[in-house]
file entry-v2.txt (compact mmCIF, C-alpha atoms)
# COMPACT_ATOMS: atom_id res chain seq x y z
CA MET A 46 225.11 198.05 201.04
CA THR A 47 223.09 195.67 198.93
CA SER A 48 220.63 195.07 201.76
CA VAL A 49 219.38 198.63 201.35
CA TRP A 50 217.65 197.73 198.09
CA PRO A 51 215.16 195.21 199.47
CA LEU A 52 214.28 197.47 202.39
CA LEU A 53 213.68 200.36 200.03
CA LEU A 54 211.60 198.12 197.82
CA TYR A 55 209.54 197.00 200.81
CA TYR A 56 208.69 200.57 201.68
CA LEU A 57 207.79 201.41 198.12
CA LEU A 58 205.34 198.54 197.71
CA PRO A 59 201.75 199.74 197.68
CA LEU A 60 200.94 198.70 201.22
CA VAL A 61 198.97 200.62 203.79
CA GLY A 62 200.39 201.03 207.26
CA LEU A 63 203.32 202.67 208.93
CA TRP A 64 204.17 204.76 205.94
CA THR A 65 201.55 204.94 203.25
CA TYR A 66 202.90 205.30 199.80
CA ARG A 67 202.16 208.59 198.10
CA ARG A 68 201.94 209.30 194.44
CA GLY A 69 204.40 212.17 194.65
CA GLY A 70 207.11 209.77 195.76
CA ARG A 71 206.94 207.88 192.51
CA THR A 72 207.25 210.97 190.38
CA GLY A 73 210.08 212.10 192.62
CA THR A 74 211.91 208.82 192.12
CA LEU A 75 211.63 209.16 188.37
CA ALA A 76 212.68 212.81 188.36
CA ALA A 77 215.66 212.09 190.59
CA GLY A 78 216.70 209.22 188.36
CA ILE A 79 216.46 211.25 185.18
CA SER A 80 218.33 214.21 186.62
CA TRP A 81 221.02 211.90 187.95
CA PHE A 82 221.29 210.34 184.54
CA LEU A 83 221.65 213.67 182.77
CA ALA A 84 224.17 214.96 185.31
CA ALA A 85 226.37 211.94 184.91
CA VAL A 86 226.06 211.95 181.14
CA ALA A 87 227.29 215.52 181.21
CA LEU A 88 230.12 214.37 183.46
CA GLY A 89 231.00 211.63 181.00
CA VAL A 90 231.00 214.09 178.12
CA VAL A 91 233.21 216.50 180.04
CA ILE A 92 235.68 213.81 180.99
CA GLY A 93 235.61 212.46 177.47
CA ASP A 94 237.89 209.56 178.18
CA ALA A 95 236.54 206.53 176.37
CA ARG A 96 237.03 204.10 179.20
CA SER A 97 235.53 206.17 181.95
CA PHE A 98 232.75 207.17 179.59
CA ALA A 99 231.79 203.51 179.11
CA VAL A 100 232.00 202.80 182.81
CA ILE A 101 229.94 205.84 183.77
CA SER A 102 227.28 205.04 181.22
CA PHE A 103 227.06 201.48 182.52
CA TYR A 104 226.28 202.65 186.04
CA LEU A 105 223.84 205.27 184.83
CA LEU A 106 221.98 202.94 182.51
CA SER A 107 221.78 200.25 185.15
CA LEU A 108 220.50 202.86 187.57
CA VAL A 109 217.78 203.87 185.14
CA ALA A 110 216.86 200.22 184.60
CA VAL A 111 216.70 199.49 188.32
CA MET A 112 214.68 202.59 189.13
CA THR A 113 212.11 202.00 186.44
CA ALA A 114 211.91 198.36 187.53
CA PHE A 115 211.10 199.71 190.99
CA LEU A 116 208.32 201.76 189.48
CA VAL A 117 206.94 198.71 187.65
CA VAL A 118 206.82 196.62 190.79
CA THR A 119 205.57 199.30 193.16
CA GLY A 120 203.00 201.11 191.04
CA THR A 121 199.29 200.41 191.32
CA ASN A 122 198.33 201.45 187.81
CA PRO A 123 199.32 198.83 185.20
CA VAL A 124 199.41 201.44 182.42
CA TYR A 125 202.16 203.35 184.18
CA GLY A 126 203.79 200.04 185.01
CA ALA A 127 203.95 199.11 181.34
CA LEU A 128 205.35 202.52 180.45
CA SER A 129 208.00 202.23 183.15
CA LEU A 130 208.88 198.82 181.79
CA ILE A 131 209.93 200.57 178.58
CA GLY A 132 212.51 202.44 180.66
CA THR A 133 213.77 199.18 182.13
CA PHE A 134 214.13 197.55 178.73
CA THR A 135 215.81 200.59 177.22
CA GLY A 136 218.21 200.82 180.13
CA ILE A 137 219.14 197.16 179.75
CA ALA A 138 219.56 197.70 176.01
CA GLY A 139 221.98 200.50 176.79
CA VAL A 140 223.88 198.22 179.16
CA PHE A 141 224.18 195.68 176.35
CA VAL A 142 225.61 198.35 174.07
CA VAL A 143 228.11 199.33 176.76
CA LEU A 144 229.05 195.66 177.06
CA GLN A 145 229.80 195.72 173.31
CA CYS A 146 226.84 193.49 172.43
CA GLU A 147 225.22 196.03 170.14
CA PHE A 148 223.16 193.35 168.44
CA PHE A 149 221.46 192.49 171.70
CA GLY A 150 220.86 196.12 172.50
CA ILE A 151 218.97 196.45 169.24
CA VAL A 152 217.12 193.16 169.70
CA GLN A 153 216.15 194.29 173.18
CA VAL A 154 214.65 197.51 171.85
CA ILE A 155 212.93 195.89 168.86
CA LEU A 156 211.55 192.84 170.63
CA TYR A 157 210.95 193.91 174.20
CA ALA A 158 210.29 197.61 173.98
CA GLY A 159 208.77 197.34 170.52
CA ALA A 160 206.73 194.17 170.43
CA ILE A 161 206.18 192.72 173.89
CA LEU A 162 205.40 196.08 175.48
CA VAL A 163 202.87 196.86 172.77
CA LEU A 164 201.15 193.60 173.58
CA TYR A 165 201.08 194.51 177.27
CA LEU A 166 199.58 197.88 176.50
CA PHE A 167 196.93 196.32 174.26
CA VAL A 168 195.96 193.97 177.05
CA VAL A 169 195.97 196.72 179.67
CA MET A 170 193.66 198.73 177.46
CA MET A 171 191.54 195.69 176.74
CA VAL A 172 190.82 194.55 180.27
CA ASP A 173 190.14 197.99 181.79
CA LEU A 174 191.44 197.07 185.20
CA PRO A 175 190.20 198.39 188.47
CA LYS A 176 193.02 199.68 190.62
CA GLU A 177 194.66 197.08 192.78
CA ASN A 178 193.79 197.82 196.37
CA ALA A 179 196.69 198.40 198.69
CA GLN A 180 197.36 195.55 201.04
CA LYS A 181 198.01 195.83 204.73
CA ARG A 182 201.66 196.43 205.49
CA GLY A 183 203.14 193.80 207.73
CA GLY A 184 201.17 191.06 206.02
CA VAL A 185 202.91 187.75 205.54
CA ARG A 186 203.04 188.22 201.80
CA GLY A 187 205.19 191.33 201.66
CA ILE A 188 207.57 190.21 204.41
CA ALA A 189 207.94 186.75 202.89
CA ALA A 190 208.65 188.27 199.48
CA ILE A 191 211.29 190.60 200.86
CA ALA A 192 212.86 187.86 202.97
CA THR A 193 213.08 185.58 199.96
CA GLY A 194 214.54 188.30 197.80
CA LEU A 195 217.01 189.36 200.46
CA GLY A 196 218.13 185.80 201.07
CA LEU A 197 218.58 185.17 197.37
CA LEU A 198 220.50 188.39 196.85
CA ALA A 199 222.76 187.61 199.82
CA LEU A 200 223.47 184.16 198.37
CA VAL A 201 224.19 185.57 194.92
CA VAL A 202 226.49 188.28 196.21
CA LYS A 203 228.23 185.73 198.43
CA ALA A 204 228.75 183.50 195.42
CA LEU A 205 229.95 186.39 193.27
CA ALA A 206 232.56 187.73 195.67
CA PRO A 207 235.25 185.10 194.93
CA LEU A 208 234.18 184.91 191.29
CA GLY A 209 235.12 188.50 190.61
CA MET A 210 238.70 187.72 191.52
CA ARG A 211 238.99 184.75 189.23
CA LEU A 212 237.07 185.89 186.18
CA GLN A 213 238.67 189.12 185.17
CA PRO A 214 237.01 190.71 182.16
CA ALA A 215 238.26 189.92 178.69
CA ALA A 216 240.65 187.23 179.87
CA GLY A 217 242.05 186.16 176.53
CA ALA A 218 238.88 187.16 174.70
CA SER A 219 238.91 188.99 171.42
CA ALA A 220 236.28 191.30 170.04
CA GLU A 221 235.05 188.62 167.68
CA PRO A 222 232.91 186.51 170.09
CA TYR A 223 230.43 189.35 170.48
CA SER A 224 229.73 189.85 166.82
CA VAL A 225 226.54 188.82 165.09
CA ARG A 226 228.61 186.55 162.90
CA ALA A 227 229.83 184.56 165.89
CA VAL A 228 226.30 184.27 167.23
CA GLY A 229 225.08 183.09 163.85
CA THR A 230 227.84 180.55 163.46
CA ALA A 231 226.98 179.09 166.86
CA LEU A 232 223.24 179.28 166.30
CA PHE A 233 223.22 177.52 162.94
CA GLY A 234 225.96 175.09 163.92
CA PRO A 235 225.98 173.46 167.37
CA TYR A 236 222.67 174.99 168.43
CA LEU A 237 220.75 173.98 165.34
CA VAL A 238 218.25 171.73 167.11
CA PRO A 239 217.27 174.31 169.75
CA PHE A 240 216.84 176.79 166.92
CA GLU A 241 214.39 174.58 165.09
CA VAL A 242 212.61 173.76 168.34
CA ALA A 243 212.28 177.49 168.95
CA SER A 244 210.19 177.72 165.80
CA LEU A 245 207.95 174.96 167.15
CA LEU A 246 207.65 176.89 170.41
CA LEU A 247 206.62 180.02 168.53
CA LEU A 248 204.13 178.02 166.48
CA VAL A 249 202.57 176.56 169.62
CA ALA A 250 202.43 180.00 171.22
CA LEU A 251 200.73 181.43 168.15
CA VAL A 252 198.17 178.64 167.91
CA GLY A 253 197.61 178.68 171.67
CA ALA A 254 197.04 182.41 171.77
CA ILE A 255 194.57 182.24 168.89
CA VAL A 256 192.67 179.35 170.47
CA LEU A 257 192.63 180.90 173.95
CA SER A 258 191.52 184.33 172.87
CA GLY A 259 188.58 182.58 171.26
CA ARG A 260 187.83 184.88 168.37
CA GLU A 261 185.51 182.44 166.62
CA ARG A 262 183.29 182.06 169.65
CA GLU A 263 182.40 185.72 169.43
CA SER A 264 181.12 185.69 165.89
CA MET B 10 233.02 203.41 173.04
CA ASN B 11 234.00 206.78 171.67
CA GLU B 12 231.80 206.40 168.63
CA TYR B 13 228.80 206.48 170.95
CA LEU B 14 229.77 209.81 172.40
CA SER B 15 228.00 211.61 169.58
CA VAL B 16 224.89 209.49 170.18
CA LEU B 17 224.95 210.51 173.79
CA VAL B 18 225.38 214.18 172.97
CA PHE B 19 222.45 213.83 170.61
CA LEU B 20 220.31 212.20 173.32
CA LEU B 21 221.31 214.85 175.78
CA LEU B 22 220.43 217.68 173.42
CA ALA B 23 217.13 216.06 172.44
CA THR B 24 216.17 215.61 176.09
CA LEU B 25 217.19 219.14 176.96
CA VAL B 26 215.30 220.71 174.07
CA GLY B 27 212.18 218.67 174.80
CA ALA B 28 212.27 219.43 178.51
CA ALA B 29 213.04 223.10 177.92
CA LEU B 30 210.09 223.48 175.57
CA LEU B 31 207.74 221.88 178.08
CA VAL B 32 209.02 223.89 181.02
CA LEU B 33 209.15 227.18 179.16
CA SER B 34 205.65 226.88 177.74
CA HIS B 35 204.42 225.90 181.19
CA TYR B 36 205.85 228.98 182.83
CA LEU B 37 205.72 231.58 180.07
CA GLY B 38 202.47 230.75 178.30
CA PRO B 39 199.23 232.40 179.40
CA ARG B 40 196.66 230.04 180.85
CA ARG B 41 192.97 230.69 181.20
CA ARG B 42 191.05 227.66 182.33
CA GLY B 43 187.33 227.07 182.46
CA GLY B 44 184.43 228.84 180.83
CA ILE B 45 184.01 228.60 177.13
CA LYS B 46 187.44 227.05 176.70
CA GLY B 47 186.25 223.74 178.10
CA THR B 48 183.44 223.31 175.59
CA PRO B 49 183.72 221.15 172.46
CA VAL B 50 185.20 222.84 169.42
CA GLU B 51 182.78 224.83 167.25
CA SER B 52 179.81 222.59 166.47
CA GLY B 53 181.25 219.48 168.13
CA VAL B 54 179.11 217.10 170.09
CA ASP B 55 179.31 216.77 173.86
CA PRO B 56 181.55 213.89 174.91
CA ILE B 57 179.87 210.75 176.19
CA GLY B 58 181.46 208.32 178.63
CA ASP B 59 185.07 207.56 179.34
CA ALA B 60 187.89 207.96 176.85
CA ARG B 61 189.39 204.64 177.92
CA ILE B 62 186.99 202.25 176.28
CA PRO B 63 188.18 198.64 176.22
CA PHE B 64 190.13 197.63 173.14
CA ASN B 65 188.94 194.90 170.86
CA VAL B 66 190.65 191.53 171.10
CA ARG B 67 191.67 191.82 167.42
CA PHE B 68 194.46 194.18 168.39
CA TYR B 69 195.80 191.49 170.66
CA LEU B 70 195.76 188.87 167.91
CA VAL B 71 197.57 191.17 165.52
CA GLY B 72 200.08 191.89 168.28
CA ILE B 73 200.68 188.17 168.76
CA LEU B 74 201.32 187.70 165.06
CA PHE B 75 203.66 190.67 165.11
CA ILE B 76 205.69 189.28 168.03
CA VAL B 77 206.07 185.85 166.47
CA PHE B 78 207.27 187.21 163.16
CA ASP B 79 209.43 189.77 164.89
CA VAL B 80 211.32 186.97 166.59
CA GLU B 81 211.57 185.25 163.24
CA ALA B 82 213.03 188.43 161.75
CA VAL B 83 215.73 188.49 164.43
CA PHE B 84 216.72 184.93 163.54
CA LEU B 85 216.61 185.80 159.85
CA TYR B 86 218.94 188.71 160.40
CA VAL B 87 221.53 186.54 162.12
CA TRP B 88 221.15 183.98 159.36
CA ALA B 89 221.57 186.56 156.61
CA VAL B 90 224.75 187.88 158.20
CA ILE B 91 226.50 184.51 158.18
CA TYR B 92 225.04 183.16 154.95
CA LYS B 93 227.66 184.60 152.65
CA GLN B 94 230.48 183.39 154.85
CA TYR B 95 229.35 179.77 154.61
CA LEU B 96 228.39 179.62 150.96
CA ASN B 97 230.04 176.21 150.68
CA ARG B 98 227.32 174.94 153.03
CA GLY B 99 224.71 177.14 151.44
CA ALA B 100 222.14 174.45 150.73
CA PHE B 101 222.31 173.20 154.28
CA LEU B 102 221.84 176.70 155.71
CA LEU B 103 219.01 177.35 153.32
CA GLY B 104 217.36 174.12 154.43
CA GLU B 105 217.67 175.07 158.07
CA MET B 106 216.00 178.39 157.52
CA ALA B 107 213.40 176.88 155.20
CA LEU B 108 212.40 174.43 157.93
CA PHE B 109 212.17 177.24 160.46
CA ILE B 110 210.08 179.45 158.22
CA GLY B 111 208.00 176.48 157.08
CA ILE B 112 207.01 175.64 160.64
CA LEU B 113 206.07 179.25 161.32
CA LEU B 114 204.25 179.45 158.00
CA PHE B 115 202.04 176.67 159.28
CA GLY B 116 201.05 178.93 162.17
CA TYR B 117 200.43 181.77 159.76
CA VAL B 118 198.12 179.62 157.66
CA TYR B 119 196.33 178.52 160.81
CA ALA B 120 195.83 182.13 161.89
CA TRP B 121 194.53 182.96 158.44
CA LYS B 122 192.09 180.05 158.38
CA LYS B 123 190.85 180.85 161.88
CA GLY B 124 190.07 184.37 160.80
CA ALA B 125 192.56 186.04 163.13
CA LEU B 126 193.47 188.39 160.32
CA ASP B 127 189.92 189.40 159.41
CA TRP B 128 188.96 192.82 160.61
CA ASP B 129 185.17 192.58 160.87
CA MET C 136 235.85 198.03 181.14
CA VAL C 137 233.06 197.30 183.56
CA PRO C 138 234.02 194.53 185.98
CA LEU C 139 232.03 191.33 185.56
CA THR C 140 230.99 191.36 189.20
CA HIS C 141 229.20 194.65 188.79
CA VAL C 142 227.29 193.38 185.78
CA LEU C 143 226.28 190.31 187.75
CA VAL C 144 225.20 192.38 190.75
CA PHE C 145 223.11 194.51 188.41
CA GLY C 146 221.49 191.34 187.12
CA ALA C 147 220.95 190.07 190.64
CA VAL C 148 219.31 193.31 191.78
CA LEU C 149 217.01 193.30 188.77
CA PHE C 150 216.13 189.68 189.46
CA LEU C 151 215.44 190.52 193.07
CA ILE C 152 213.07 193.33 192.11
CA GLY C 153 211.23 191.01 189.74
CA LEU C 154 211.06 188.26 192.34
CA VAL C 155 209.74 190.52 195.07
CA GLY C 156 207.18 191.94 192.67
CA PHE C 157 206.10 188.46 191.63
CA LEU C 158 205.71 187.30 195.22
CA SER C 159 204.06 190.35 196.70
CA ARG C 160 201.72 191.72 194.06
CA ARG C 161 198.25 190.46 193.28
CA ASN C 162 197.51 192.00 189.93
CA PHE C 163 198.16 189.47 187.23
CA LEU C 164 199.51 192.01 184.76
CA THR C 165 202.06 193.23 187.28
CA LEU C 166 203.08 189.63 187.88
CA PHE C 167 203.76 189.20 184.17
CA MET C 168 205.81 192.37 184.10
CA SER C 169 207.82 191.10 187.07
CA VAL C 170 208.52 187.92 185.15
CA GLU C 171 209.74 190.02 182.23
CA ILE C 172 212.11 191.84 184.55
CA MET C 173 213.44 188.52 185.84
CA LEU C 174 213.98 187.19 182.31
CA ASN C 175 215.84 190.36 181.45
CA ALA C 176 218.03 189.96 184.52
CA VAL C 177 218.90 186.47 183.29
CA ASN C 178 219.81 187.97 179.91
CA VAL C 179 222.06 190.52 181.57
CA ASN C 180 223.88 187.73 183.38
CA LEU C 181 224.21 185.61 180.24
CA ILE C 182 225.62 188.48 178.21
CA GLY C 183 227.92 189.57 181.01
CA PHE C 184 229.40 186.09 181.26
CA SER C 185 229.57 185.76 177.49
CA ARG C 186 231.56 188.95 177.19
CA SER C 187 233.81 188.19 180.10
CA LEU C 188 234.63 184.63 179.05
CA GLY C 189 234.75 185.37 175.35
CA ASP C 190 232.25 182.59 174.76
CA THR C 191 229.37 182.96 172.31
CA ALA C 192 227.14 180.37 174.01
CA GLY C 193 225.80 182.94 176.47
CA GLN C 194 224.55 185.13 173.65
CA VAL C 195 222.90 182.22 171.88
CA PHE C 196 221.10 181.36 175.10
CA ALA C 197 220.04 184.97 175.45
CA VAL C 198 218.38 184.73 172.03
CA PHE C 199 216.49 181.66 173.20
CA VAL C 200 215.49 183.40 176.43
CA ILE C 201 213.99 186.20 174.36
CA THR C 202 212.15 183.69 172.19
CA VAL C 203 210.74 181.93 175.24
CA ALA C 204 209.73 185.29 176.73
CA ALA C 205 207.81 186.15 173.56
CA ALA C 206 205.99 182.82 173.62
CA GLU C 207 205.28 183.13 177.33
CA VAL C 208 203.81 186.59 176.93
CA ALA C 209 201.62 185.50 174.03
CA VAL C 210 200.05 182.56 175.84
CA GLY C 211 200.05 184.12 179.31
CA LEU C 212 198.24 187.24 178.23
CA ALA C 213 195.71 185.14 176.32
CA ILE C 214 194.99 183.26 179.56
CA LEU C 215 194.70 186.61 181.33
CA ILE C 216 192.11 187.78 178.81
CA LEU C 217 190.14 184.56 179.32
CA MET C 218 190.26 185.14 183.05
CA TYR C 219 189.08 188.70 182.67
CA ARG C 220 186.16 187.51 180.61
CA SER C 221 185.05 184.98 183.19
CA ARG C 222 185.75 186.95 186.37
CA GLY C 223 185.81 190.59 185.38
CA ARG C 224 189.12 191.14 187.17
CA VAL C 225 192.61 189.69 187.07
CA LEU C 226 193.74 189.20 190.66
CA VAL C 227 195.70 186.12 191.66
CA GLN C 228 193.28 185.03 194.37
CA ASP C 229 190.75 184.29 191.64
CA TRP C 230 192.85 181.31 190.65
CA ARG C 231 191.90 179.62 193.91
CA ALA C 232 188.92 178.21 192.06
CA LEU C 233 191.41 175.89 190.35
CA ARG C 234 192.42 174.32 193.62
CA ASP C 235 190.82 170.98 194.41
CA ASN C 236 189.02 170.91 197.71
call {"tool": "encode", "arguments": {"input": "entry-v2.txt", "output": "structure tokens"}}
result
Amino acid sequence: MTSVWPLLLYYLLPLVGLWTYRRGGRTGTLAAGISWFLAAVALGVVIGDARSFAVISFYLLSLVAVMTAFLVVTGTNPVYGALSLIGTFTGIAGVFVVLQCEFFGIVQVILYAGAILVLYLFVVMMVDLPKENAQKRGGVRGIAAIATGLGLLALVVKALAPLGMRLQPAAGASAEPYSVRAVGTALFGPYLVPFEVASLLLLVALVGAIVLSGRERES
Amino acid sequence: MNEYLSVLVFLLLATLVGAALLVLSHYLGPRRRGGIKGTPVESGVDPIGDARIPFNVRFYLVGILFIVFDVEAVFLYVWAVIYKQYLNRGAFLLGEMALFIGILLFGYVYAWKKGALDWD
Amino acid sequence: MVPLTHVLVFGAVLFLIGLVGFLSRRNFLTLFMSVEIMLNAVNVNLIGFSRSLGDTAGQVFAVFVITVAAAEVAVGLAILILMYRSRGRVLVQDWRALRDN
């Protein structure tokens, strides 16, 4: 079942050959995903049971995230890629909310969809890219990428299969470990040094970006 | 999870209303393309070139500053939530955050001195 | 409750998409977006484990992953802009000039 994903991905990559990718396919993927999402949301509302509602929304949100991630990787226009990435981030944020980590859902929206994506869009607008030419299908690059991904996924799924038996969800866990308070207590207690180093990392990133973008050389 | 049901109903309704408006106006509205409709409004000038002119690099620098201080705000939020709970270690917590902000303030001063905040 | 395995498979599929995109595309911006997808997949795994084990460490690491992603984007995109200025395009094969012959 999981091996279908890489094959699908391979055929959606912008490669010329056996089956040339058409623009309509992308729009169709998005439309199908959205309609699926709405249908299942309606289903969840109709059922109304809290547990099944959470489970259904998890699968739907993950589906939205995976589909938009497909669009990011397979599209040739970086502007649409960046816009699809918003869908991925929002879907993952929704998954976090379903997993009862509301704080991370909000951080995901604020930081990824709000800040990082804006930066991407600025850069996309700034560099005015020519369209990436489609590569020949059957080239080493695409096949190697798919083979690597498939192998990795097989390994991960193989490793997960026994894990699912042993690690049942919420085994002796309360609601408290997910709260912001618990995160803060850990962050400003045992993880104090990484926290301070994170500020150094941000400082270096800030200085590096200013130096590299070379504003003073222009004027 | 039940408290999110209303959020979902809201999302659903918003999506439906938005989509319905688009679809309805697409199918019901009259459309006459071409001719005088394509000309600039009233005494407007004829458009020159492409609408997608490259952005200035200033936007990027402002975006960088925004990201860095956005991350800082996330840390500050977590810190503010637990601060009251650990008032007996208040000075220590304050020092931690002061160090964090101080290091980032250094970057802010650097950006200021380098003129990353100037807009001309 | 969503089983942990399904959360992890979701993370693995996202990671796979990012990995395939990173290996097969040539546009530098798309490569960066693929990296973002991979980092997000890691976050999904960390939070899934954190919830399932009732351990906060996973969430703390997720915060650090987000911080590193922000820093990576800032510097990476600055390098991309530099590259665009010198080459006029941002394809990966342009980096071959860095290789020593």
call {"tool": "atom_distance", "arguments": {"input": "entry-v2.txt", "atom1": "CA of Ala23 (chain B)", "atom2": "CA of Phe141 (chain A)"}}
result
21.9 Å
call {"tool": "atom_distance", "arguments": {"input": "entry-v2.txt", "atom1": "CA of Ala192 (chain A)", "atom2": "CA of Asp229 (chain C)"}}
result
25.1 Å
call {"tool": "closest_residue", "arguments": {"input": "entry-v2.txt", "among": "A:Val225, A:Val111, A:Tyr165, A:Phe148", "to": "Leu151 (chain C)", "atoms": "all atoms listed in the file"}}
result
A:Val111
call {"tool": "closest_residue", "arguments": {"input": "entry-v2.txt", "among": "A:Lys203, A:Tyr125, A:Val172, A:Val140", "to": "Leu217 (chain C)", "atoms": "all atoms listed in the file"}}
result
A:Val172
call {"tool": "closest_residue", "arguments": {"input": "entry-v2.txt", "among": "C:Leu158, C:Leu233, C:Val227, C:Val142", "to": "Arg186 (chain C)", "atoms": "only C-alpha atoms"}}
result
C:Val142
call {"tool": "residues_around", "arguments": {"input": "entry-v2.txt", "residues": "region 165-181 of chain C", "least_positions_apart": "2", "cutoff": "7 Å", "atoms": "only C-alpha atoms", "output": "PyMOL selection string"}}
result
(chain A and resi 118+123) or (chain C and resi 143+146-147+149-150+153-154+156-157+160+162-163+183-185+193-194+197)
call {"tool": "closest_atom_pairs", "arguments": {"input": "entry-v2.txt", "of": "chain A", "to": "chain B", "cutoff": "6 Å", "atoms": "all atoms listed in the file", "output": "JSON lines"}}
result
{"residue": "A:Ala95", "atom": "CA", "partner": "B:Asn11", "partner_atom": "CA", "distance": 5.3}
{"residue": "A:Ala160", "atom": "CA", "partner": "B:Ile76", "partner_atom": "CA", "distance": 5.5}
{"residue": "A:Leu164", "atom": "CA", "partner": "B:Gly72", "partner_atom": "CA", "distance": 5.7}
{"residue": "A:Met170", "atom": "CA", "partner": "B:Pro63", "partner_atom": "CA", "distance": 5.6}
{"residue": "A:Met171", "atom": "CA", "partner": "B:Phe64", "partner_atom": "CA", "distance": 4.3}
{"residue": "A:Asp173", "atom": "CA", "partner": "B:Pro63", "partner_atom": "CA", "distance": 5.9}
{"residue": "A:Arg226", "atom": "CA", "partner": "B:Ile91", "partner_atom": "CA", "distance": 5.6}
{"residue": "A:Gly229", "atom": "CA", "partner": "B:Val87", "partner_atom": "CA", "distance": 5.2}
{"residue": "A:Glu241", "atom": "CA", "partner": "B:Phe109", "partner_atom": "CA", "distance": 5.8}
{"residue": "A:Ser244", "atom": "CA", "partner": "B:Phe109", "partner_atom": "CA", "distance": 5.7}
{"residue": "A:Leu248", "atom": "CA", "partner": "B:Gly116", "partner_atom": "CA", "distance": 5.4}
call {"tool": "atom_distance", "arguments": {"input": "entry-v2.txt", "atom1": "CA of Ala189 (chain A)", "atom2": "CA of Arg222 (chain C)"}}
result
27.7 Å
call {"tool": "closest_atom_pairs", "arguments": {"input": "entry-v2.txt", "of": "chain C", "to": "chain A", "cutoff": "6 Å", "atoms": "all atoms listed in the file", "output": "CSV"}}
result
residue,atom,partner,partner_atom,distance
C:Val137,CA,A:Val100,CA,5.7
C:Thr140,CA,A:Gly209,CA,5.2
C:Leu151,CA,A:Gly194,CA,5.3
C:Val155,CA,A:Ala190,CA,5.1
C:Gly156,CA,A:Val118,CA,5.1
C:Leu158,CA,A:Ala190,CA,5.3
C:Ser159,CA,A:Gly187,CA,5.2
C:Ser187,CA,A:Pro214,CA,4.6
C:Gly189,CA,A:Ala218,CA,4.5
C:Thr191,CA,A:Pro222,CA,5.5
C:Ala206,CA,A:Ala250,CA,5.1
C:Ala209,CA,A:Ala254,CA,6.0
C:Val210,CA,A:Ala254,CA,5.1
C:Ala213,CA,A:Ala254,CA,5.5
call {"tool": "decode", "arguments": {"input": "entry-v2.txt", "residues": "region 70-81 of chain B", "atoms": "N, CA and C atoms", "output": "PDB file, in the first residue's frame"}}
result
ATOM      1  N   LEU B  70      15.250  41.718   3.739  1.00  0.00           N
ATOM      2  CA  LEU B  70      15.897  42.017   5.020  1.00  0.00           C
ATOM      3  C   LEU B  70      14.871  42.226   6.123  1.00  0.00           C
ATOM      4  N   VAL B  71      13.802  42.925   5.787  1.00  0.00           N
ATOM      5  CA  VAL B  71      12.747  43.121   6.791  1.00  0.00           C
ATOM      6  C   VAL B  71      12.133  41.777   7.168  1.00  0.00           C
ATOM      7  N   GLY B  72      11.967  40.902   6.160  1.00  0.00           N
ATOM      8  CA  GLY B  72      11.432  39.567   6.434  1.00  0.00           C
ATOM      9  C   GLY B  72      12.311  38.778   7.373  1.00  0.00           C
ATOM     10  N   ILE B  73      13.647  38.883   7.160  1.00  0.00           N
ATOM     11  CA  ILE B  73      14.592  38.194   8.042  1.00  0.00           C
ATOM     12  C   ILE B  73      14.429  38.676   9.481  1.00  0.00           C
ATOM     13  N   LEU B  74      14.388  40.009   9.630  1.00  0.00           N
ATOM     14  CA  LEU B  74      14.232  40.560  10.979  1.00  0.00           C
ATOM     15  C   LEU B  74      12.945  40.054  11.608  1.00  0.00           C
ATOM     16  N   PHE B  75      11.884  40.022  10.787  1.00  0.00           N
ATOM     17  CA  PHE B  75      10.594  39.573  11.303  1.00  0.00           C
ATOM     18  C   PHE B  75      10.673  38.126  11.779  1.00  0.00           C
ATOM     19  N   ILE B  76      11.300  37.256  10.994  1.00  0.00           N
ATOM     20  CA  ILE B  76      11.395  35.838  11.375  1.00  0.00           C
ATOM     21  C   ILE B  76      12.131  35.692  12.692  1.00  0.00           C
ATOM     22  N   VAL B  77      13.282  36.368  12.797  1.00  0.00           N
ATOM     23  CA  VAL B  77      14.102  36.215  14.001  1.00  0.00           C
ATOM     24  C   VAL B  77      13.320  36.649  15.238  1.00  0.00           C
ATOM     25  N   PHE B  78      12.620  37.775  15.125  1.00  0.00           N
ATOM     26  CA  PHE B  78      11.924  38.243  16.324  1.00  0.00           C
ATOM     27  C   PHE B  78      10.596  37.524  16.523  1.00  0.00           C
ATOM     28  N   ASP B  79      10.126  36.873  15.472  1.00  0.00           N
ATOM     29  CA  ASP B  79       8.956  36.009  15.632  1.00  0.00           C
ATOM     30  C   ASP B  79       9.315  34.786  16.477  1.00  0.00           C
ATOM     31  N   VAL B  80      10.463  34.197  16.169  1.00  0.00           N
ATOM     32  CA  VAL B  80      10.925  33.055  16.960  1.00  0.00           C
ATOM     33  C   VAL B  80      11.124  33.484  18.406  1.00  0.00           C
ATOM     34  N   GLU B  81      11.696  34.669  18.579  1.00  0.00           N
ATOM     35  CA  GLU B  81      11.891  35.183  19.927  1.00  0.00           C
ATOM     36  C   GLU B  81      10.557  35.330  20.651  1.00  0.00           C
TER      37      GLU B  81
END
